[in-house]
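The structure file target-v1.txt is reproduced below (compact mmCIF, C-alpha atoms).
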```txt
# COMPACT_ATOMS: atom_id res chain seq x y z
CA MET A 8 156.29 280.52 -20.82
CA SER A 9 159.94 280.06 -20.00
CA ILE A 10 161.08 277.65 -17.29
CA GLY A 11 162.47 280.57 -15.27
CA THR A 12 159.13 282.36 -15.26
CA ALA A 13 157.29 279.17 -14.29
CA LEU A 14 159.67 278.52 -11.41
CA ARG A 15 159.32 282.10 -10.19
CA GLN A 16 155.52 281.81 -10.30
CA LEU A 17 155.65 278.52 -8.44
CA HIS A 18 158.02 279.91 -5.83
CA GLY A 19 155.83 282.93 -5.38
CA LYS A 20 152.76 280.75 -4.84
CA ARG A 21 154.53 278.55 -2.35
CA GLY A 22 155.92 281.54 -0.50
CA SER A 23 152.55 283.19 -0.07
CA HIS A 24 150.97 279.90 1.01
CA LYS A 25 153.72 279.38 3.57
CA GLY A 26 153.25 282.90 4.93
CA ARG A 27 149.57 282.24 5.60
CA SER A 28 150.11 278.92 7.34
CA LEU A 29 152.67 280.40 9.72
CA GLN A 30 150.26 283.03 11.01
CA LEU A 31 150.01 282.83 14.79
CA GLN A 32 146.62 283.16 16.49
CA MET A 33 147.82 285.60 19.12
CA VAL A 34 144.39 286.61 20.37
CA SER A 35 143.35 283.15 21.49
CA MET A 36 146.77 282.45 22.90
CA ILE A 37 146.73 285.59 25.03
CA ASP A 38 143.21 284.70 26.19
CA VAL A 39 144.37 281.32 27.38
CA VAL A 40 147.48 282.75 29.01
CA PHE A 41 145.39 285.26 30.96
CA LEU A 42 142.98 282.53 31.98
CA LEU A 43 145.88 280.49 33.32
CA LEU A 44 147.30 283.50 35.12
CA VAL A 45 143.98 284.25 36.83
CA PHE A 46 143.52 280.58 37.69
CA PHE A 47 146.90 280.33 39.41
CA LEU A 48 146.52 283.65 41.21
CA LEU A 49 143.20 282.52 42.66
CA THR A 50 144.15 278.98 43.56
CA ALA A 51 147.77 279.38 44.64
CA ASN A 52 148.26 278.61 48.28
CA PHE A 53 151.72 279.60 49.29
CA ARG A 54 153.68 277.93 52.04
CA SER A 55 156.55 279.35 54.05
CA ARG A 56 159.87 277.68 53.36
CA GLU A 57 160.12 274.83 55.81
CA GLY A 58 163.27 273.52 57.38
CA PHE A 59 164.05 269.90 58.15
CA LEU A 60 165.76 268.12 61.01
CA PRO A 61 167.36 264.98 59.63
CA ALA A 62 166.79 261.86 61.69
CA GLU A 63 167.78 258.29 61.19
CA LEU A 64 165.51 255.56 62.40
CA PRO A 65 167.47 252.66 63.88
CA ARG A 66 167.62 249.36 62.11
CA ARG A 67 166.66 246.30 64.10
CA VAL A 68 169.33 245.70 66.66
CA THR A 69 169.93 242.76 68.90
CA ARG A 70 169.89 243.02 72.68
CA ALA A 71 173.62 242.31 72.75
CA GLU A 72 174.31 245.32 70.53
CA LEU A 73 172.11 247.52 72.68
CA ALA A 74 173.87 246.44 75.84
CA GLU A 75 177.29 247.62 74.60
CA ILE A 76 176.76 251.20 75.71
CA GLU A 77 173.92 252.20 77.96
CA PRO A 78 172.03 255.00 76.19
CA LEU A 79 171.46 258.31 77.93
CA GLU A 80 167.73 258.46 78.54
CA LEU A 81 165.80 261.70 78.26
CA VAL A 82 162.22 261.53 79.55
CA ILE A 83 160.16 264.29 77.89
CA ALA A 84 156.79 265.33 79.32
CA THR A 85 154.32 268.14 78.76
CA LEU A 86 153.03 269.57 82.01
CA GLY A 87 149.53 270.82 82.62
CA ASN A 88 150.55 274.46 82.28
CA GLY A 89 152.08 273.83 78.85
CA GLN A 90 155.68 273.65 80.07
CA CYS A 91 158.05 271.06 78.70
CA GLN A 92 159.89 268.96 81.24
CA VAL A 93 162.99 266.98 80.33
CA SER A 94 164.56 264.79 82.97
CA VAL A 95 167.83 262.95 82.77
CA ALA A 96 168.77 260.29 85.31
CA GLY A 97 172.20 259.15 86.41
CA GLU A 98 175.38 261.08 87.15
CA GLY A 99 174.97 264.79 86.46
CA GLY A 100 171.26 264.23 85.94
CA PHE A 101 168.85 267.15 85.97
CA VAL A 102 165.26 268.21 85.47
CA PHE A 103 164.73 270.98 82.93
CA ARG A 104 161.54 272.98 82.63
CA SER A 105 160.88 275.30 79.72
CA SER A 106 159.04 278.57 80.08
CA SER A 107 155.27 278.30 79.68
CA ASP A 108 155.51 279.68 76.12
CA GLY A 109 157.82 276.79 75.19
CA GLY A 110 161.06 278.82 75.23
CA GLY A 111 164.27 278.54 77.22
CA PHE A 112 165.71 275.49 75.45
CA ASP A 113 169.18 277.12 75.46
CA GLN A 114 169.35 276.19 79.13
CA LEU A 115 168.58 272.56 78.27
CA ARG A 116 171.50 272.56 75.84
CA GLU A 117 173.89 273.75 78.55
CA GLN A 118 172.60 271.28 81.14
CA LEU A 119 172.74 268.37 78.72
CA SER A 120 176.25 269.32 77.65
CA GLN A 121 177.39 269.28 81.29
CA THR A 122 175.77 265.86 81.85
CA LEU A 123 177.53 264.43 78.78
CA GLN A 124 180.84 265.67 80.14
CA ALA A 125 180.10 264.33 83.64
CA GLN A 126 179.26 260.89 82.22
CA ARG A 127 182.21 261.04 79.77
CA ARG A 128 180.05 260.36 76.75
CA TYR A 129 181.07 260.83 73.13
CA THR A 130 178.95 262.29 70.34
CA GLU A 131 178.43 258.84 68.80
CA ASP A 132 177.10 257.35 72.04
CA PRO A 133 173.38 256.55 71.96
CA ILE A 134 170.74 258.94 73.25
CA LYS A 135 167.28 257.58 73.92
CA LEU A 136 164.37 259.98 73.68
CA MET A 137 161.52 258.76 75.84
CA PRO A 138 158.54 261.06 75.37
CA LEU A 139 155.32 260.16 77.15
CA THR A 140 152.25 259.39 75.06
CA GLN A 141 150.69 262.75 75.89
CA THR A 142 153.84 264.81 75.25
CA ARG A 143 153.32 267.48 72.62
CA TRP A 144 155.17 266.85 69.35
CA ASP A 145 156.46 270.43 69.54
CA HIS A 146 158.38 269.58 72.72
CA VAL A 147 159.80 266.38 71.25
CA VAL A 148 161.08 268.23 68.18
CA LYS A 149 162.58 271.06 70.24
CA THR A 150 164.41 268.58 72.48
CA TYR A 151 165.64 266.75 69.38
CA ASP A 152 166.80 270.10 68.00
CA VAL A 153 168.92 270.65 71.14
CA ILE A 154 170.47 267.20 70.63
CA ARG A 155 171.29 268.09 67.03
CA GLN A 156 172.90 271.32 68.18
CA LEU A 157 175.21 269.28 70.43
CA ASP A 158 176.14 267.22 67.36
CA LEU A 159 174.82 263.98 68.84
CA GLN A 160 174.03 261.62 65.98
CA ASN A 161 172.91 258.35 67.52
CA VAL A 162 169.34 259.10 68.63
CA ILE A 163 166.69 256.51 69.37
CA PHE A 164 162.99 257.32 69.63
CA ALA A 165 161.41 255.05 72.23
CA VAL A 166 157.91 253.71 71.70
CA ALA A 167 155.66 254.97 74.49
CA ASN A 168 153.05 252.60 75.89
CA MET B 24 133.61 306.10 -6.34
CA LYS B 25 133.00 302.67 -4.97
CA LEU B 26 134.46 301.66 -1.61
CA THR B 27 135.48 298.03 -1.50
CA PHE B 28 134.92 296.15 1.72
CA GLY B 29 135.76 292.91 0.06
CA PRO B 30 136.11 289.43 1.36
CA LYS B 31 139.67 290.24 2.45
CA ASN B 32 138.44 292.45 5.33
CA ARG B 33 135.86 289.91 6.42
CA ASP B 34 138.62 287.28 6.61
CA GLN B 35 140.66 289.41 8.98
CA MET B 36 137.77 289.87 11.41
CA GLN B 37 137.22 286.15 11.74
CA PHE B 38 137.74 284.91 15.31
CA ASN B 39 138.99 281.37 15.70
CA MET B 40 136.87 280.20 18.62
CA THR B 41 136.99 276.48 18.03
CA ALA B 42 140.67 276.02 18.74
CA MET B 43 140.53 278.24 21.78
CA ILE B 44 137.56 276.43 23.32
CA ASP B 45 139.30 273.13 22.66
CA VAL B 46 142.37 274.27 24.52
CA VAL B 47 140.41 275.83 27.41
CA PHE B 48 138.38 272.67 27.97
CA LEU B 49 141.53 270.57 27.86
CA LEU B 50 143.12 272.80 30.48
CA ILE B 51 140.05 272.71 32.70
CA ILE B 52 139.95 268.91 32.61
CA PHE B 53 143.68 268.72 33.21
CA PHE B 54 143.57 270.94 36.31
CA MET B 55 140.45 269.27 37.68
CA LEU B 56 142.22 265.94 37.60
CA ILE B 57 145.68 267.01 38.68
CA CYS B 58 145.39 269.96 41.05
CA GLN B 59 143.29 268.20 43.64
CA PHE B 60 146.10 265.77 44.32
CA ILE B 61 148.73 268.48 44.64
CA VAL B 62 146.73 270.54 47.10
CA ARG B 63 145.51 267.61 49.17
CA GLU B 64 149.04 266.41 49.76
CA ASN B 65 149.97 269.62 51.59
CA TYR B 66 147.84 269.98 54.64
CA GLU B 67 147.46 273.15 56.63
CA LEU B 68 149.22 272.66 59.94
CA VAL B 69 151.32 274.45 62.54
CA LEU B 70 154.86 273.15 62.48
CA PRO B 71 157.25 273.29 65.45
CA ASP B 72 159.27 276.49 65.21
CA ASP B 73 162.44 278.04 66.59
CA CYS B 74 164.55 274.98 65.73
CA VAL B 75 168.07 276.33 65.27
CA SER B 76 169.54 273.23 63.65
CA ALA B 77 166.80 272.89 61.01
CA THR B 78 168.21 273.26 57.53
CA VAL B 79 166.19 274.87 54.77
CA PRO B 80 166.90 273.16 51.45
CA ASP B 81 167.06 275.24 48.28
CA ARG B 82 164.76 272.74 46.64
CA LEU B 83 162.52 270.09 48.06
CA ASP B 84 163.75 266.61 47.30
CA ARG B 85 161.36 265.17 44.74
CA ASN B 86 162.27 261.68 45.84
CA ALA B 87 160.93 262.31 49.31
CA VAL B 88 157.58 260.89 50.35
CA THR B 89 155.60 263.28 52.54
CA VAL B 90 153.80 261.77 55.50
CA SER B 91 151.53 264.15 57.39
CA VAL B 92 149.96 264.02 60.84
CA VAL B 93 147.23 266.63 60.95
CA PRO B 94 144.56 267.49 63.50
CA ARG B 95 141.05 266.59 62.52
CA GLU B 96 139.07 269.69 61.62
CA VAL B 97 137.06 271.17 64.45
CA GLY B 98 133.42 270.34 63.92
CA ALA B 99 134.21 267.55 61.49
CA ASP B 100 131.78 264.71 61.16
CA GLN B 101 132.11 262.48 64.22
CA GLY B 102 130.20 259.66 62.56
CA THR B 103 129.27 256.94 65.02
CA ALA B 104 132.37 257.39 67.17
CA THR B 105 131.91 257.81 70.90
CA THR B 106 133.34 260.88 72.66
CA ALA B 107 136.19 258.82 74.14
CA GLN B 108 137.12 257.46 70.72
CA TRP B 109 136.84 260.94 69.23
CA ASN B 110 139.13 262.53 71.82
CA GLY B 111 141.82 259.93 71.43
CA ASN B 112 141.80 259.99 67.65
CA ASN B 113 141.43 263.62 66.68
CA VAL B 114 144.02 263.03 64.01
CA ILE B 115 144.26 262.17 60.34
CA TYR B 116 147.32 260.44 58.87
CA ALA B 117 148.27 260.95 55.27
CA VAL B 118 150.86 259.22 53.15
CA ARG B 119 151.15 261.73 50.30
CA ALA B 120 147.47 262.28 49.44
CA ALA B 121 146.18 258.96 50.76
CA GLU B 122 144.37 259.60 54.03
CA PHE B 123 144.03 257.18 56.92
CA ASP B 124 141.33 257.99 59.43
CA PRO B 125 141.58 256.12 62.75
CA LEU B 126 137.84 256.66 63.23
CA ALA B 127 136.91 254.87 60.01
CA PRO B 128 134.78 251.80 60.85
CA ARG B 129 137.40 249.48 59.38
CA TYR B 130 140.09 250.76 61.77
CA ARG B 131 137.83 251.00 64.80
CA GLN B 132 137.04 247.32 64.48
CA ASN B 133 140.66 246.41 63.85
CA PRO B 134 143.18 249.06 65.05
CA GLN B 135 146.11 246.97 63.80
CA ALA B 136 144.85 247.43 60.25
CA LEU B 137 145.67 251.14 60.41
CA LEU B 138 149.34 250.47 61.04
CA ARG B 139 149.42 247.74 58.40
CA ASP B 140 147.78 249.93 55.75
CA MET B 141 150.08 252.88 56.47
CA THR B 142 153.13 250.64 56.30
CA GLU B 143 151.99 249.24 52.94
CA ALA B 144 151.32 252.74 51.55
CA ILE B 145 154.76 253.95 52.63
CA GLN B 146 156.41 250.86 51.18
CA GLN B 147 154.63 251.31 47.85
CA ASP B 148 155.58 254.98 47.61
CA THR B 149 159.21 254.58 48.62
CA ALA B 150 159.69 251.58 46.33
CA ARG B 151 159.01 253.81 43.29
CA ARG B 152 161.80 256.23 44.23
CA GLU B 153 165.56 256.19 44.13
CA THR B 154 166.01 256.78 47.85
CA ALA B 155 163.68 255.91 50.72
CA LEU B 156 163.47 259.39 52.23
CA VAL B 157 160.43 260.57 54.15
CA HIS B 158 159.42 264.10 55.12
CA LEU B 159 157.44 263.86 58.32
CA ARG B 160 155.14 266.90 58.66
CA ALA B 161 153.37 266.69 62.00
CA ASP B 162 151.35 269.44 63.64
CA SER B 163 153.07 270.76 66.76
CA ASN B 164 149.88 270.26 68.81
CA MET B 165 149.76 266.54 68.12
CA THR B 166 150.92 264.23 70.88
CA TYR B 167 153.85 261.86 70.63
CA GLY B 168 151.43 258.96 70.99
CA GLN B 169 149.77 260.05 67.74
CA VAL B 170 153.00 260.67 65.83
CA GLN B 171 154.66 257.47 66.98
CA GLN B 172 152.14 255.48 64.92
CA VAL B 173 153.90 256.93 61.88
CA LEU B 174 157.36 256.26 63.31
CA VAL B 175 156.42 252.63 63.87
CA ALA B 176 154.98 252.37 60.35
CA LEU B 177 158.17 253.89 58.92
CA SER B 178 160.29 251.48 60.89
CA GLN B 179 158.23 248.53 59.67
CA ALA B 180 158.48 249.82 56.10
CA GLN B 181 162.26 249.81 56.61
CA VAL B 182 162.62 253.53 56.02
CA ARG B 183 165.62 254.91 57.85
CA GLN B 184 166.06 258.41 56.45
CA VAL B 185 163.44 260.71 57.95
CA GLN B 186 163.37 264.49 57.96
CA LEU B 187 161.23 266.19 60.59
CA ALA B 188 159.62 269.36 59.27
CA ALA B 189 160.17 272.40 61.49
CA PHE B 190 160.77 276.10 61.13
CA ARG B 191 164.20 277.49 61.77
CA GLY B 192 162.93 280.75 63.19
CA GLU B 193 159.66 281.78 64.69
CA GLN B 194 156.64 280.95 62.65
CA ASN B 195 154.97 284.38 63.05
CA ASN B 196 151.53 282.83 62.99
CA ASN B 197 151.84 281.87 59.32
CA HIS B 198 150.54 278.38 59.00
CA ALA B 199 152.25 275.96 56.73
CA THR B 200 149.85 275.32 53.92
CA GLY B 201 149.72 273.91 50.43
CA ASN B 202 152.87 274.05 48.44
CA GLN B 203 152.53 274.83 44.75
CA GLN B 204 155.43 273.32 42.92
```
Before we go any further, please render this structure as structure tokens.
Amino acid sequence: MSIGTALRQLHGKRGSHKGRSLQLQMVSMIDVVFLLLVFFLLTANFRSREGFLPAELPRRVTRAELAEIEPLELVIATLGNGQCQVSVAGEGGFVFRSSSDGGGFDQLREQLSQTLQAQRRYTEDPIKLMPLTQTRWDHVVKTYDVIRQLDLQNVIFAVAN
Amino acid sequence: MKLTFGPKNRDQMQFNMTAMIDVVFLLIIFFMLICQFIVRENYELVLPDDCVSATVPDRLDRNAVTVSVVPREVGADQGTATTAQWNGNNVIYAVRAAEFDPLAPRYRQNPQALLRDMTEAIQQDTARRETALVHLRADSNMTYGQVQQVLVALSQAQVRQVQLAAFRGEQNNNHATGNQQ
């Protein structure tokens, strides 16, 4: 046998061996893929895309720092009929009441804007949110949303007793 | 004439079950261990809606730690709690998937321990991440008194960046539920 023939035979053997080892087990793979598909379809629990209101919790501040500018205090309460009440004291103060379905916060934005102008406050001046213990979280967030709309950045959440 | 159904045909009909069963069992074990945690972290709750200034990110920040304030399920086991205790604490706190139940005997005996444990859990989770950012998902029917426990814990854990979860538009009665990521 010549060397050329031997090499060809060897190459042929290797080639056929290689071909067999590369065979893909498609049937089992498709089975597993379908199992995964069914699993995810049955267990998936989709959630609507949520939005976020960024807030910054204050660092520990000294009394002297706090006393520099008196914060504008907003007392937030939930009334028995489900209305939200926001009251602001001082010059240009007001009492806002939402509709019973929790709407009408556009009016709060206008009233708050007028108070800020009356008290000559800037957007970086502190605002203190003072919800009562029993105030619904929904009303706190909606009031905070109004504050964000007015571009007020320095918001403090008071701890209710 | 002789028809040949040789060994070649028998080879082709062979079904490789062993490898498939191996893979299927591996997958089952994997999902049993992993999926519970993913689902438990995302509680079903009603978020505040109609918040115009809420921004909807294209992708959730993977560095954020989710802290949830969810109402206790109606008809859930009251244990040995009195009605007064039950009414005041119809809430479950969760730092990612770790739940904190104010009605657990440990916290009923020592209410301060609840705040301390939540603070520690938040500190541990935020320490592992690049930024200390917290997503606060609280049910809109919870009271401020219930949510402020989390705010105090966040403050004590020295977390400053908090994002309050809310819907930009109306929620249309679709509850916020588990998020598959």
Original post:
What residues in chain B have any atom no more than 7 Å from chain A when counting all atoms listed in the file, and can you write them as an MDAnalysis selection string?
Top reply: chainID B and resid 43 47 71 74:80 163:168 171 178 183:191 199:203
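Shortest separation to Tyr116 (chain B) among B:Ile145, B:Val182, B:Leu68, B:Val173 occurs at residue B:Val173, atoms counted being all atoms listed in the file.
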**OP:** With a distance cut-off of 7 Å and only C-alpha atoms, select the neighbouring residues of Val162 (chain A), excluding the residue or stretch itself and same-chain residues fewer than 5 positions from it, and output the selection as a PyMOL selection string.
**Re:** chain A and resi 133-135
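Across the model, the gap from CA of Arg95 (chain B) to CA of Arg129 (chain B) is 17.8 Å.
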Original post:
What does the distance between CA of Gln160 (chain A) and CA of Leu123 (chain A) come to in Å, to one decimal place?
Top reply: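 That distance, rounded to one decimal, is 13.6 Å.
Atom pair CA of Ala180 (chain B) / CA of Thr142 (chain B): separated by 5.4 Å.
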